[in-house]
>>> print(open('protein.txt').read())   # compact mmCIF, C-alpha atoms
# COMPACT_ATOMS: atom_id res chain seq x y z
CA MET A 17 -20.90 -32.63 -20.02
CA THR A 18 -20.65 -30.85 -23.40
CA SER A 19 -17.20 -29.85 -24.61
CA GLN A 20 -18.12 -26.16 -24.16
CA ALA A 21 -19.10 -26.80 -20.53
CA SER A 22 -15.86 -28.69 -20.02
CA ALA A 23 -13.85 -25.81 -21.50
CA ASP A 24 -15.68 -23.31 -19.26
CA SER A 25 -14.98 -25.36 -16.21
CA THR A 26 -11.26 -25.71 -17.04
CA ARG A 27 -11.05 -21.96 -17.59
CA ASP A 28 -12.82 -21.30 -14.26
CA ARG A 29 -10.40 -23.60 -12.45
CA ILE A 30 -7.43 -21.77 -14.02
CA VAL A 31 -8.85 -18.41 -12.90
CA ALA A 32 -9.39 -19.68 -9.33
CA ALA A 33 -5.92 -21.22 -9.15
CA ALA A 34 -4.30 -18.09 -10.65
CA THR A 35 -6.07 -15.84 -8.14
CA ALA A 36 -4.65 -17.85 -5.24
CA GLU A 37 -1.17 -18.10 -6.80
CA PHE A 38 -0.83 -14.37 -7.64
CA SER A 39 -2.19 -13.34 -4.25
CA ARG A 40 0.46 -15.41 -2.50
CA TYR A 41 3.52 -14.93 -4.73
CA GLY A 42 2.93 -11.84 -6.87
CA ILE A 43 3.45 -11.70 -10.63
CA ALA A 44 7.19 -12.42 -10.87
CA GLY A 45 6.93 -15.09 -8.17
CA ALA A 46 3.90 -16.89 -9.65
CA ARG A 47 4.54 -20.12 -11.57
CA ILE A 48 2.29 -21.15 -14.46
CA ALA A 49 3.21 -24.79 -13.77
CA ARG A 50 1.79 -24.52 -10.22
CA ILE A 51 -1.36 -22.83 -11.53
CA ALA A 52 -1.84 -25.58 -14.15
CA LYS A 53 -1.32 -28.30 -11.56
CA ALA A 54 -3.80 -26.75 -9.10
CA ALA A 55 -6.31 -26.33 -11.95
CA LYS A 56 -5.81 -29.96 -13.03
CA THR A 57 -4.77 -28.96 -16.55
CA SER A 58 -1.58 -28.39 -18.57
CA THR A 59 0.61 -25.28 -18.85
CA GLU A 60 -0.19 -25.36 -22.60
CA ARG A 61 -3.91 -24.96 -21.88
CA VAL A 62 -3.21 -22.04 -19.52
CA TYR A 63 -1.22 -20.26 -22.26
CA ALA A 64 -3.88 -21.13 -24.85
CA TYR A 65 -6.54 -19.41 -22.75
CA PHE A 66 -4.57 -16.41 -21.46
CA GLY A 67 -1.49 -15.86 -23.64
CA SER A 68 1.02 -14.96 -20.94
CA LYS A 69 1.47 -14.82 -17.18
CA GLU A 70 1.03 -11.04 -17.19
CA GLU A 71 -2.18 -11.23 -19.24
CA LEU A 72 -3.50 -13.83 -16.81
CA TYR A 73 -2.67 -11.50 -13.89
CA ARG A 74 -4.41 -8.60 -15.62
CA PHE A 75 -7.49 -10.74 -16.15
CA VAL A 76 -7.80 -11.96 -12.55
CA SER A 77 -6.97 -8.56 -11.00
CA GLY A 78 -9.49 -6.81 -13.31
CA ARG A 79 -12.08 -9.36 -12.25
CA GLU A 80 -11.25 -8.74 -8.58
CA LEU A 81 -11.44 -4.95 -9.06
CA ALA A 82 -14.97 -5.37 -10.42
CA ALA A 83 -15.86 -7.67 -7.49
CA VAL A 84 -14.68 -5.08 -4.91
CA ALA A 85 -16.62 -2.30 -6.64
CA GLU A 86 -19.74 -4.49 -6.72
CA ALA A 87 -19.41 -5.56 -3.06
CA THR A 88 -18.68 -2.08 -1.67
CA ARG A 89 -20.86 0.15 -3.93
CA MET A 90 -19.52 3.69 -3.56
CA ASP A 91 -22.36 6.04 -2.61
CA PRO A 92 -21.25 9.70 -2.90
CA THR A 93 -23.99 10.73 -0.46
CA ASP A 94 -22.73 8.35 2.24
CA LEU A 95 -18.96 7.96 2.01
CA PRO A 96 -18.52 6.97 5.70
CA ALA A 97 -20.69 3.87 5.15
CA TYR A 98 -18.79 3.09 1.93
CA ALA A 99 -15.47 3.30 3.81
CA GLY A 100 -16.86 0.87 6.39
CA ARG A 101 -17.79 -1.58 3.63
CA VAL A 102 -14.32 -1.35 2.05
CA HIS A 103 -12.75 -2.04 5.46
CA ASP A 104 -15.08 -5.01 6.01
CA TYR A 105 -14.34 -6.43 2.56
CA PHE A 106 -10.58 -6.49 3.00
CA ALA A 107 -10.81 -7.60 6.65
CA ALA A 108 -12.77 -10.62 5.39
CA HIS A 109 -10.58 -11.16 2.29
CA PRO A 110 -7.01 -9.96 3.00
CA GLU A 111 -5.75 -12.13 0.12
CA ARG A 112 -7.75 -10.00 -2.32
CA TYR A 113 -6.00 -6.84 -1.16
CA ARG A 114 -2.67 -8.60 -1.70
CA LEU A 115 -3.71 -9.60 -5.23
CA MET A 116 -4.18 -5.92 -6.18
CA ALA A 117 -1.15 -4.67 -4.23
CA TRP A 118 1.31 -6.78 -6.25
CA GLY A 119 0.11 -5.11 -9.45
CA ARG A 120 0.76 -1.64 -8.03
CA LEU A 121 4.34 -2.67 -7.25
CA GLU A 122 5.14 -4.86 -10.23
CA LEU A 123 3.45 -3.12 -13.14
CA GLY A 124 5.04 0.20 -13.99
CA ASP A 125 3.42 3.45 -15.08
CA THR A 126 4.07 2.95 -18.74
CA GLU A 127 2.32 -0.38 -18.82
CA ARG A 128 -1.02 1.06 -17.72
CA ALA A 129 -2.99 1.84 -20.87
CA ALA A 130 -6.00 4.16 -21.15
CA ASP A 131 -8.31 1.12 -21.22
CA ASP A 132 -6.80 -0.23 -17.99
CA PRO A 133 -9.62 -1.27 -15.60
CA ILE A 134 -8.13 0.74 -12.69
CA ARG A 135 -8.04 3.92 -14.78
CA GLN A 136 -11.61 3.30 -15.94
CA THR A 137 -12.86 2.68 -12.38
CA VAL A 138 -11.16 5.86 -11.15
CA ALA A 139 -12.67 7.89 -14.01
CA HIS A 140 -16.16 6.52 -13.32
CA LYS A 141 -16.00 7.15 -9.56
CA THR A 142 -14.57 10.68 -9.82
CA GLU A 143 -17.41 11.50 -12.21
CA GLN A 144 -19.95 10.23 -9.62
CA LEU A 145 -18.31 12.41 -6.97
CA ARG A 146 -18.21 15.48 -9.25
CA LYS A 147 -21.95 15.15 -9.90
CA ALA A 148 -22.63 14.87 -6.14
CA GLN A 149 -20.64 18.07 -5.65
CA GLU A 150 -22.72 19.81 -8.33
CA ALA A 151 -25.87 18.57 -6.61
CA GLY A 152 -24.73 20.14 -3.33
CA GLN A 153 -24.23 16.77 -1.63
CA LEU A 154 -20.47 17.09 -1.18
CA ASP A 155 -18.22 20.09 -0.42
CA PRO A 156 -17.11 21.40 -3.85
CA ALA A 157 -13.85 22.76 -2.41
CA TRP A 158 -12.21 19.31 -2.68
CA GLY A 159 -10.97 17.88 -5.96
CA PRO A 160 -13.09 14.76 -6.70
CA LEU A 161 -9.94 12.69 -7.21
CA ASP A 162 -8.67 13.80 -3.79
CA ILE A 163 -11.95 12.72 -2.20
CA LEU A 164 -11.74 9.29 -3.85
CA VAL A 165 -8.10 8.65 -2.94
CA LEU A 166 -8.43 9.99 0.63
CA VAL A 167 -11.51 7.86 1.33
CA ASN A 168 -9.90 4.75 -0.15
CA GLN A 169 -6.66 5.30 1.77
CA ILE A 170 -8.51 5.77 5.06
CA ALA A 171 -10.76 2.77 4.37
CA ALA A 172 -7.76 0.53 3.58
CA SER A 173 -5.81 1.61 6.68
CA TRP A 174 -5.66 -1.95 8.02
CA ALA A 175 -5.82 -3.90 4.76
CA ASP A 176 -2.08 -4.34 4.37
CA GLN A 177 -0.85 -4.33 7.95
CA PRO A 178 -2.80 -7.04 9.75
CA ASP A 179 0.23 -7.71 11.91
CA ILE A 180 0.44 -4.31 13.62
CA ALA A 181 -2.33 -5.38 16.02
CA ALA A 182 -1.12 -5.38 19.60
CA ALA A 183 -0.25 -8.84 20.89
CA GLY A 184 -3.01 -10.54 22.84
CA ILE A 185 -5.95 -8.74 21.19
CA GLU A 186 -8.29 -10.95 19.21
CA ARG A 187 -8.23 -9.98 15.50
CA ASP A 188 -11.98 -9.34 15.06
CA THR A 189 -12.22 -7.24 18.23
CA PHE A 190 -9.21 -5.23 17.12
CA LEU A 191 -10.53 -4.65 13.59
CA THR A 192 -14.01 -3.67 14.80
CA ALA A 193 -12.49 -0.87 16.89
CA ARG A 194 -10.37 0.27 13.93
CA ARG A 195 -13.49 0.30 11.74
CA GLU A 196 -15.10 2.84 14.06
CA ALA A 197 -12.10 5.15 13.73
CA ILE A 198 -12.21 4.83 9.93
CA VAL A 199 -15.92 5.66 9.68
CA THR A 200 -15.53 8.59 12.12
CA ALA A 201 -12.60 10.02 10.15
CA VAL A 202 -14.46 9.87 6.83
CA GLU A 203 -17.58 11.36 8.46
CA ARG A 204 -15.53 14.34 9.69
CA LEU A 205 -14.04 14.96 6.25
CA PHE A 206 -16.97 14.08 3.99
CA PRO A 207 -20.19 13.97 6.07
CA ALA A 208 -22.99 11.73 4.85
CA GLN A 209 -26.16 13.42 3.61
CA ARG A 210 -28.86 12.44 6.09
CA PRO A 211 -32.49 12.71 5.01
CA ALA A 212 -33.98 15.78 6.72
CA MET B 204 43.47 2.73 2.36
CA THR B 205 43.52 0.55 5.50
CA SER B 206 41.90 -2.87 5.31
CA GLN B 207 39.16 -1.69 7.73
CA ALA B 208 38.36 1.28 5.46
CA SER B 209 38.31 -1.06 2.49
CA ALA B 210 35.88 -3.42 4.28
CA ASP B 211 33.65 -0.49 5.24
CA SER B 212 33.55 0.74 1.70
CA THR B 213 32.69 -2.74 0.32
CA ARG B 214 29.91 -3.07 2.88
CA ASP B 215 28.59 0.40 1.98
CA ARG B 216 28.57 -0.50 -1.70
CA ILE B 217 26.66 -3.71 -0.95
CA VAL B 218 24.04 -1.76 1.05
CA ALA B 219 23.63 0.80 -1.76
CA ALA B 220 23.35 -1.90 -4.43
CA ALA B 221 20.92 -3.96 -2.31
CA THR B 222 18.71 -0.92 -1.70
CA ALA B 223 18.37 -0.35 -5.45
CA GLU B 224 17.89 -4.06 -6.21
CA PHE B 225 15.20 -4.67 -3.55
CA SER B 226 13.36 -1.48 -4.46
CA ARG B 227 13.13 -2.58 -8.07
CA TYR B 228 12.51 -6.34 -7.77
CA GLY B 229 11.31 -7.04 -4.23
CA ILE B 230 12.74 -9.75 -1.99
CA ALA B 231 11.92 -12.88 -4.02
CA GLY B 232 12.85 -11.13 -7.27
CA ALA B 233 16.18 -9.73 -6.01
CA ARG B 234 19.36 -11.53 -7.07
CA ILE B 235 22.42 -11.60 -4.81
CA ALA B 236 24.59 -12.05 -7.92
CA ARG B 237 23.33 -8.74 -9.36
CA ILE B 238 23.88 -7.01 -6.01
CA ALA B 239 27.44 -8.37 -5.81
CA LYS B 240 28.20 -7.29 -9.38
CA ALA B 241 26.84 -3.77 -8.84
CA ALA B 242 28.84 -3.52 -5.59
CA LYS B 243 32.01 -4.74 -7.38
CA THR B 244 32.41 -7.66 -5.00
CA SER B 245 31.60 -11.40 -4.83
CA THR B 246 28.41 -13.16 -3.77
CA GLU B 247 30.51 -14.84 -1.04
CA ARG B 248 31.37 -11.45 0.47
CA VAL B 249 27.70 -10.43 0.42
CA TYR B 250 26.75 -13.58 2.36
CA ALA B 251 29.72 -13.15 4.70
CA TYR B 252 28.46 -9.68 5.67
CA PHE B 253 24.70 -10.30 5.77
CA GLY B 254 24.03 -14.05 6.07
CA SER B 255 21.04 -14.31 3.73
CA LYS B 256 19.01 -12.36 1.19
CA GLU B 257 16.22 -11.85 3.73
CA GLU B 258 18.60 -10.59 6.41
CA LEU B 259 20.08 -8.18 3.88
CA TYR B 260 16.56 -6.93 3.06
CA ARG B 261 15.77 -6.49 6.75
CA PHE B 262 18.97 -4.49 7.20
CA VAL B 263 18.39 -2.09 4.29
CA SER B 264 14.66 -1.63 5.01
CA GLY B 265 15.37 -1.00 8.72
CA ARG B 266 17.94 1.60 7.68
CA GLU B 267 15.41 3.21 5.33
CA LEU B 268 12.73 3.25 8.05
CA ALA B 269 15.13 5.17 10.30
CA ALA B 270 15.93 7.56 7.44
CA VAL B 271 12.22 8.34 6.83
CA ALA B 272 11.62 8.93 10.54
CA GLU B 273 14.64 11.25 10.69
CA ALA B 274 13.66 13.18 7.55
CA THR B 275 9.98 13.62 8.46
CA ARG B 276 10.16 14.06 12.30
CA MET B 277 6.66 13.37 13.58
CA ASP B 278 5.50 16.30 15.75
CA PRO B 279 2.32 15.40 17.67
CA THR B 280 1.47 19.10 18.02
CA ASP B 281 1.58 19.66 14.23
CA LEU B 282 0.47 16.53 12.40
CA PRO B 283 -0.64 18.41 9.24
CA ALA B 284 2.94 19.65 8.69
CA TYR B 285 4.27 16.14 9.39
CA ALA B 286 1.90 14.69 6.78
CA GLY B 287 3.17 17.25 4.27
CA ARG B 288 6.77 16.19 4.96
CA VAL B 289 5.92 12.50 4.51
CA HIS B 290 4.24 13.31 1.18
CA ASP B 291 7.28 15.36 0.08
CA TYR B 292 9.69 12.61 1.09
CA PHE B 293 8.01 9.90 -0.98
CA ALA B 294 7.29 12.26 -3.90
CA ALA B 295 11.04 12.90 -4.04
CA HIS B 296 12.01 9.25 -3.40
CA PRO B 297 9.30 6.93 -4.77
CA GLU B 298 11.83 4.07 -4.84
CA ARG B 299 12.11 4.24 -1.04
CA TYR B 300 8.37 3.72 -0.65
CA ARG B 301 8.64 0.69 -2.93
CA LEU B 302 11.49 -0.71 -0.83
CA MET B 303 9.23 -0.76 2.27
CA ALA B 304 6.10 -1.90 0.38
CA TRP B 305 7.70 -5.17 -0.76
CA GLY B 306 8.35 -6.12 2.86
CA ARG B 307 4.69 -5.60 3.78
CA LEU B 308 3.70 -8.01 0.99
CA GLU B 309 6.48 -10.56 1.17
CA LEU B 310 7.14 -10.92 4.90
CA GLY B 311 4.30 -12.56 6.77
CA ASP B 312 2.92 -11.77 10.21
CA THR B 313 4.70 -14.57 11.93
CA GLU B 314 8.08 -13.40 10.73
CA ARG B 315 7.79 -10.02 12.43
CA ALA B 316 9.41 -10.37 15.84
CA ALA B 317 8.95 -8.08 18.85
CA ASP B 318 12.31 -6.42 18.08
CA ASP B 319 11.26 -5.68 14.49
CA PRO B 320 12.13 -2.05 13.64
CA ILE B 321 8.59 -1.35 12.34
CA ARG B 322 7.01 -2.56 15.60
CA GLN B 323 9.49 -0.48 17.59
CA THR B 324 8.84 2.66 15.53
CA VAL B 325 5.07 2.22 15.91
CA ALA B 326 5.43 1.75 19.69
CA HIS B 327 7.59 4.86 20.01
CA LYS B 328 5.28 7.07 17.92
CA THR B 329 2.03 5.93 19.59
CA GLU B 330 3.65 6.76 22.94
CA GLN B 331 4.48 10.28 21.68
CA LEU B 332 0.86 10.71 20.56
CA ARG B 333 -0.52 9.38 23.85
CA LYS B 334 1.56 11.92 25.79
CA ALA B 335 0.31 14.74 23.54
CA GLN B 336 -3.26 13.61 24.27
CA GLU B 337 -2.54 13.68 28.02
CA ALA B 338 -1.09 17.18 27.63
CA GLY B 339 -4.31 18.34 25.95
CA GLN B 340 -2.64 18.85 22.56
CA LEU B 341 -4.63 16.15 20.72
CA ASP B 342 -8.24 14.98 21.04
CA PRO B 343 -8.14 12.07 23.53
CA ALA B 344 -11.20 10.43 21.93
CA TRP B 345 -9.01 8.83 19.23
CA GLY B 346 -6.87 5.78 19.88
CA PRO B 347 -3.23 6.85 19.42
CA LEU B 348 -2.63 3.95 17.01
CA ASP B 349 -5.60 5.12 14.92
CA ILE B 350 -4.16 8.64 14.77
CA LEU B 351 -0.79 7.30 13.62
CA VAL B 352 -2.17 4.98 10.95
CA LEU B 353 -4.75 7.48 9.63
CA VAL B 354 -2.15 10.24 9.32
CA ASN B 355 0.33 7.92 7.61
CA GLN B 356 -2.30 6.58 5.21
CA ILE B 357 -3.44 10.08 4.26
CA ALA B 358 0.16 11.29 3.91
CA ALA B 359 1.08 8.35 1.66
CA SER B 360 -2.01 8.77 -0.57
CA TRP B 361 0.12 9.31 -3.66
CA ALA B 362 3.23 7.36 -2.71
CA ASP B 363 2.23 4.15 -4.47
CA GLN B 364 0.06 5.37 -7.30
CA PRO B 365 2.14 7.89 -9.22
CA ASP B 366 0.46 6.80 -12.45
CA ILE B 367 -3.09 7.84 -11.54
CA ALA B 368 -2.26 11.44 -12.47
CA ALA B 369 -4.43 12.71 -15.29
CA ALA B 370 -2.65 12.66 -18.62
CA GLY B 371 -1.09 15.95 -19.65
CA ILE B 372 -0.54 17.34 -16.14
CA GLU B 373 3.06 17.86 -15.14
CA ARG B 374 4.00 15.59 -12.20
CA ASP B 375 5.24 18.30 -9.80
CA THR B 376 2.20 20.51 -10.42
CA PHE B 377 -0.10 17.55 -9.86
CA LEU B 378 1.61 16.45 -6.64
CA THR B 379 1.70 19.98 -5.20
CA ALA B 380 -2.10 20.19 -5.51
CA ARG B 381 -2.47 16.74 -3.92
CA ARG B 382 -0.21 17.86 -1.04
CA GLU B 383 -2.64 20.67 -0.23
CA ALA B 384 -5.53 18.19 0.02
CA ILE B 385 -3.46 15.93 2.30
CA VAL B 386 -2.50 18.74 4.68
CA THR B 387 -6.09 20.06 4.73
CA ALA B 388 -7.50 16.60 5.53
CA VAL B 389 -5.08 16.02 8.43
CA GLU B 390 -5.74 19.56 9.73
CA ARG B 391 -9.49 18.82 9.83
CA LEU B 392 -9.00 15.56 11.72
CA PHE B 393 -6.07 16.44 13.97
CA PRO B 394 -5.65 20.24 14.06
CA ALA B 395 -2.18 21.62 14.77
CA GLN B 396 -1.68 23.46 18.07
CA ARG B 397 -0.95 27.05 17.10
CA PRO B 398 0.83 29.30 19.61
CA ALA B 399 -1.75 31.70 21.11
>>> encode(input="protein.txt", output="C-alpha cells")
Amino acid sequence: MTSQASADSTRDRIVAAATAEFSRYGIAGARIARIAKAAKTSTERVYAYFGSKEELYRFVSGRELAAVAEATRMDPTDLPAYAGRVHDYFAAHPERYRLMAWGRLELGDTERAADDPIRQTVAHKTEQLRKAQEAGQLDPAWGPLDILVLVNQIAASWADQPDIAAAGIERDTFLTARREAIVTAVERLFPAQRPA
Amino acid sequence: MTSQASADSTRDRIVAAATAEFSRYGIAGARIARIAKAAKTSTERVYAYFGSKEELYRFVSGRELAAVAEATRMDPTDLPAYAGRVHDYFAAHPERYRLMAWGRLELGDTERAADDPIRQTVAHKTEQLRKAQEAGQLDPAWGPLDILVLVNQIAASWADQPDIAAAGIERDTFLTARREAIVTAVERLFPAQRPA
C-alpha cells in the first residue's frame, strides 16, 4: 500500500467512526478519543485531518446531506414520489436523520455561514421549484420555500419518532402504512404532473 | 415565610433553572451544578427533589408538554386554526421547542414507558380525532394518528429552523408569511367545519 493510499484509508475510517459517534451522541457528547480508537488511529491524527470536533461534524454532516439529496433526487414535477423516497431513506437509515438533527439543535443561527451546505441545498432546491412554477408544473400561489419545507416536514413525519408506533405492530408494516399517508398528503397539496 | 412555602419556592426555582438549562444544552450537556447555582440552592437539594438529571428532565419536559397542549387546544373541527396556534406558540417560545427536541434525540425507544406523558397525549388526541371522524367532521379515510402527526409536522415547519429565513427579512414578517402557508396546507388536507 502506498503512503497516500494508507492516508486515504485512515481518513475514511475516521469519517466512518465520526459518523457513528455523532449520530449516537451529538456534537457536545461525541468524544474524539472514541472516534480515534474506533478508527484505529490517534487523536492527534484526527485533529491533523479535521482541525476540531466541530469541523469534523460539519464535514460528516455535509457529506450526509449530499448523500440524502443524491438518494432521494427531488423532482419538482413529482413531489409525492420524492416524499416517499425521503420517508424510505430515513426509515432505512434512522441514524442518518439523527446525525443531521443534532446539528439543528447544537449549532446556532449565527454559526451558519452563507457557504453552509444546508443553505446552499435550500437555495438550489427552491430555485428548481421556482422554475417548475414558471413552467406551469406547480401552483405559483405557494412560496417555493414553503413548498420545500412543507414537503420535507411531511416526508420526515416518522423520521424522528420511531417509538410512537402502537405496541404490537411490526415496524415495517407500520411504516408502510404511514408512507401511504405521506404520499397522499403531498399529492393533495402538490399534485404530480402526469404525462397526458 | 413558612418552611413549606420556602420549599415550594426552592422547587419552583429549580424547575425554572432546569427548563432553561435543558433547553440550551440538552440532557447530556446539562449540569446539575449550574442548575443549582441558578436556583440559588445546592446540588444535594436538586437531587433530593428530583432523584436524577434524567428524572428532572422528564419532569420539566412533561410540564412543558402539558403547557403546549393547554396553550394550543387541539380542536378536531378546526385543525387549520390549531396548526396556526402551534406555529405561534413555538415562534414566540423557540426555547420550548428545543426543550422537547432534545428528549426525542437523547431518550431511546426502550426508555419510553406506557405511562410516558407523550404516549398519553398522543393516545388522548388520536381518540379525539377518531370521534370527530365518527361524527362526520373529519374524512374517515385517514388514520387518526396520521392526521395528528401530519398536522403537527406542518405546524412545526419553522419551529426548529429559524435560521433558514432569507437574509434581510425581518423575523416576524417572515414567520407571518410562513404561518399563512401552514394554515392553508392544513385547510387543504383537513378542512375546518364551518357553521352552515
>>> residues_around(input="protein.txt", residues="Ala388 (chain B)", least_positions_apart="6", cutoff="9 Å", atoms="all atoms listed in the file", output="PyMOL selection string")
(chain A and resi 166+205) or (chain B and resi 283+357)
>>> write_last_selection(input="protein.txt", atoms="C-alpha atoms", output="PDB file, in the frame of the given file")
ATOM      1  CA  LEU A 166      -8.430   9.990   0.630  1.00  0.00           C
ATOM      2  CA  LEU A 205     -14.040  14.960   6.250  1.00  0.00           C
TER       3      LEU A 205
ATOM      4  CA  PRO B 283      -0.640  18.410   9.240  1.00  0.00           C
ATOM      5  CA  ILE B 357      -3.440  10.080   4.260  1.00  0.00           C
TER       6      ILE B 357
END
>>> atom_distance(input="protein.txt", atom1="CA of Ser360 (chain B)", atom2="CA of Gln336 (chain B)")
25.3 Å
>>> atom_distance(input="protein.txt", atom1="CA of Arg101 (chain A)", atom2="CA of Lys141 (chain A)")
15.9 Å
>>> atom_distance(input="protein.txt", atom1="CA of Met116 (chain A)", atom2="CA of Ser77 (chain A)")
6.2 Å
>>> interface_residues(input="protein.txt", of="chain A", to="chain B", cutoff="7 Å", atoms="only C-alpha atoms", output="list of chain:residue names")
A:Ala44, A:Gly45, A:Arg114, A:Arg120, A:Leu121, A:Asp125, A:Asp162, A:Val165, A:Leu166, A:Gln169, A:Ile170, A:Ser173, A:Asp176, A:Asp179, A:Arg194, A:Ala197, A:Ala201, A:Arg204, A:Leu205
>>> residues_around(input="protein.txt", residues="Arg234 (chain B)", least_positions_apart="5", cutoff="10 Å", atoms="all atoms listed in the file", output="list in words")
Ala221, Glu224, Phe225, Tyr228, Gly229, Ala239, Thr246 and Lys256 of chain B
>>> write_last_selection(input="protein.txt", atoms="C-alpha atoms", output="PDB file, in the frame of the given file")
ATOM      1  CA  ALA B 221      20.920  -3.960  -2.310  1.00  0.00           C
ATOM      2  CA  GLU B 224      17.890  -4.060  -6.210  1.00  0.00           C
ATOM      3  CA  PHE B 225      15.200  -4.670  -3.550  1.00  0.00           C
ATOM      4  CA  TYR B 228      12.510  -6.340  -7.770  1.00  0.00           C
ATOM      5  CA  GLY B 229      11.310  -7.040  -4.230  1.00  0.00           C
ATOM      6  CA  ALA B 239      27.440  -8.370  -5.810  1.00  0.00           C
ATOM      7  CA  THR B 246      28.410 -13.160  -3.770  1.00  0.00           C
ATOM      8  CA  LYS B 256      19.010 -12.360   1.190  1.00  0.00           C
TER       9      LYS B 256
END
>>> residues_around(input="protein.txt", residues="region 258-263 of chain B", least_positions_apart="4", cutoff="10 Å", atoms="all atoms listed in the file", output="list in words")
Ile217, Val218, Ala219, Ala221, Thr222, Ala223, Glu224, Phe225, Ser226, Gly229, Ile230, Ala233, Ile235, Val249, Tyr250, Tyr252, Phe253, Gly254, Glu267, Leu268, Ala269, Leu302, Met303, Trp305, Gly306, Leu310, Asp319 and Pro320 of chain B
>>> write_last_selection(input="protein.txt", atoms="C-alpha atoms", output="CSV table (one decimal), in the coordinates of the input")
chain,number,residue,atom,x,y,z
B,217,ILE,CA,26.7,-3.7,-1.0
B,218,VAL,CA,24.0,-1.8,1.0
B,219,ALA,CA,23.6,0.8,-1.8
B,221,ALA,CA,20.9,-4.0,-2.3
B,222,THR,CA,18.7,-0.9,-1.7
B,223,ALA,CA,18.4,-0.4,-5.4
B,224,GLU,CA,17.9,-4.1,-6.2
B,225,PHE,CA,15.2,-4.7,-3.6
B,226,SER,CA,13.4,-1.5,-4.5
B,229,GLY,CA,11.3,-7.0,-4.2
B,230,ILE,CA,12.7,-9.8,-2.0
B,233,ALA,CA,16.2,-9.7,-6.0
B,235,ILE,CA,22.4,-11.6,-4.8
B,249,VAL,CA,27.7,-10.4,0.4
B,250,TYR,CA,26.8,-13.6,2.4
B,252,TYR,CA,28.5,-9.7,5.7
B,253,PHE,CA,24.7,-10.3,5.8
B,254,GLY,CA,24.0,-14.0,6.1
B,267,GLU,CA,15.4,3.2,5.3
B,268,LEU,CA,12.7,3.2,8.0
B,269,ALA,CA,15.1,5.2,10.3
B,302,LEU,CA,11.5,-0.7,-0.8
B,303,MET,CA,9.2,-0.8,2.3
B,305,TRP,CA,7.7,-5.2,-0.8
B,306,GLY,CA,8.4,-6.1,2.9
B,310,LEU,CA,7.1,-10.9,4.9
B,319,ASP,CA,11.3,-5.7,14.5
B,320,PRO,CA,12.1,-2.0,13.6
>>> closest_residue(input="protein.txt", among="A:Asp104, A:Asp131, A:Thr137, A:Ser58", to="Ala85 (chain A)", atoms="only C-alpha atoms")
A:Thr137
>>> closest_residue(input="protein.txt", among="A:Leu154, A:Ala55, A:Val199, A:Ala64", to="Tyr98 (chain A)", atoms="only C-alpha atoms")
A:Val199
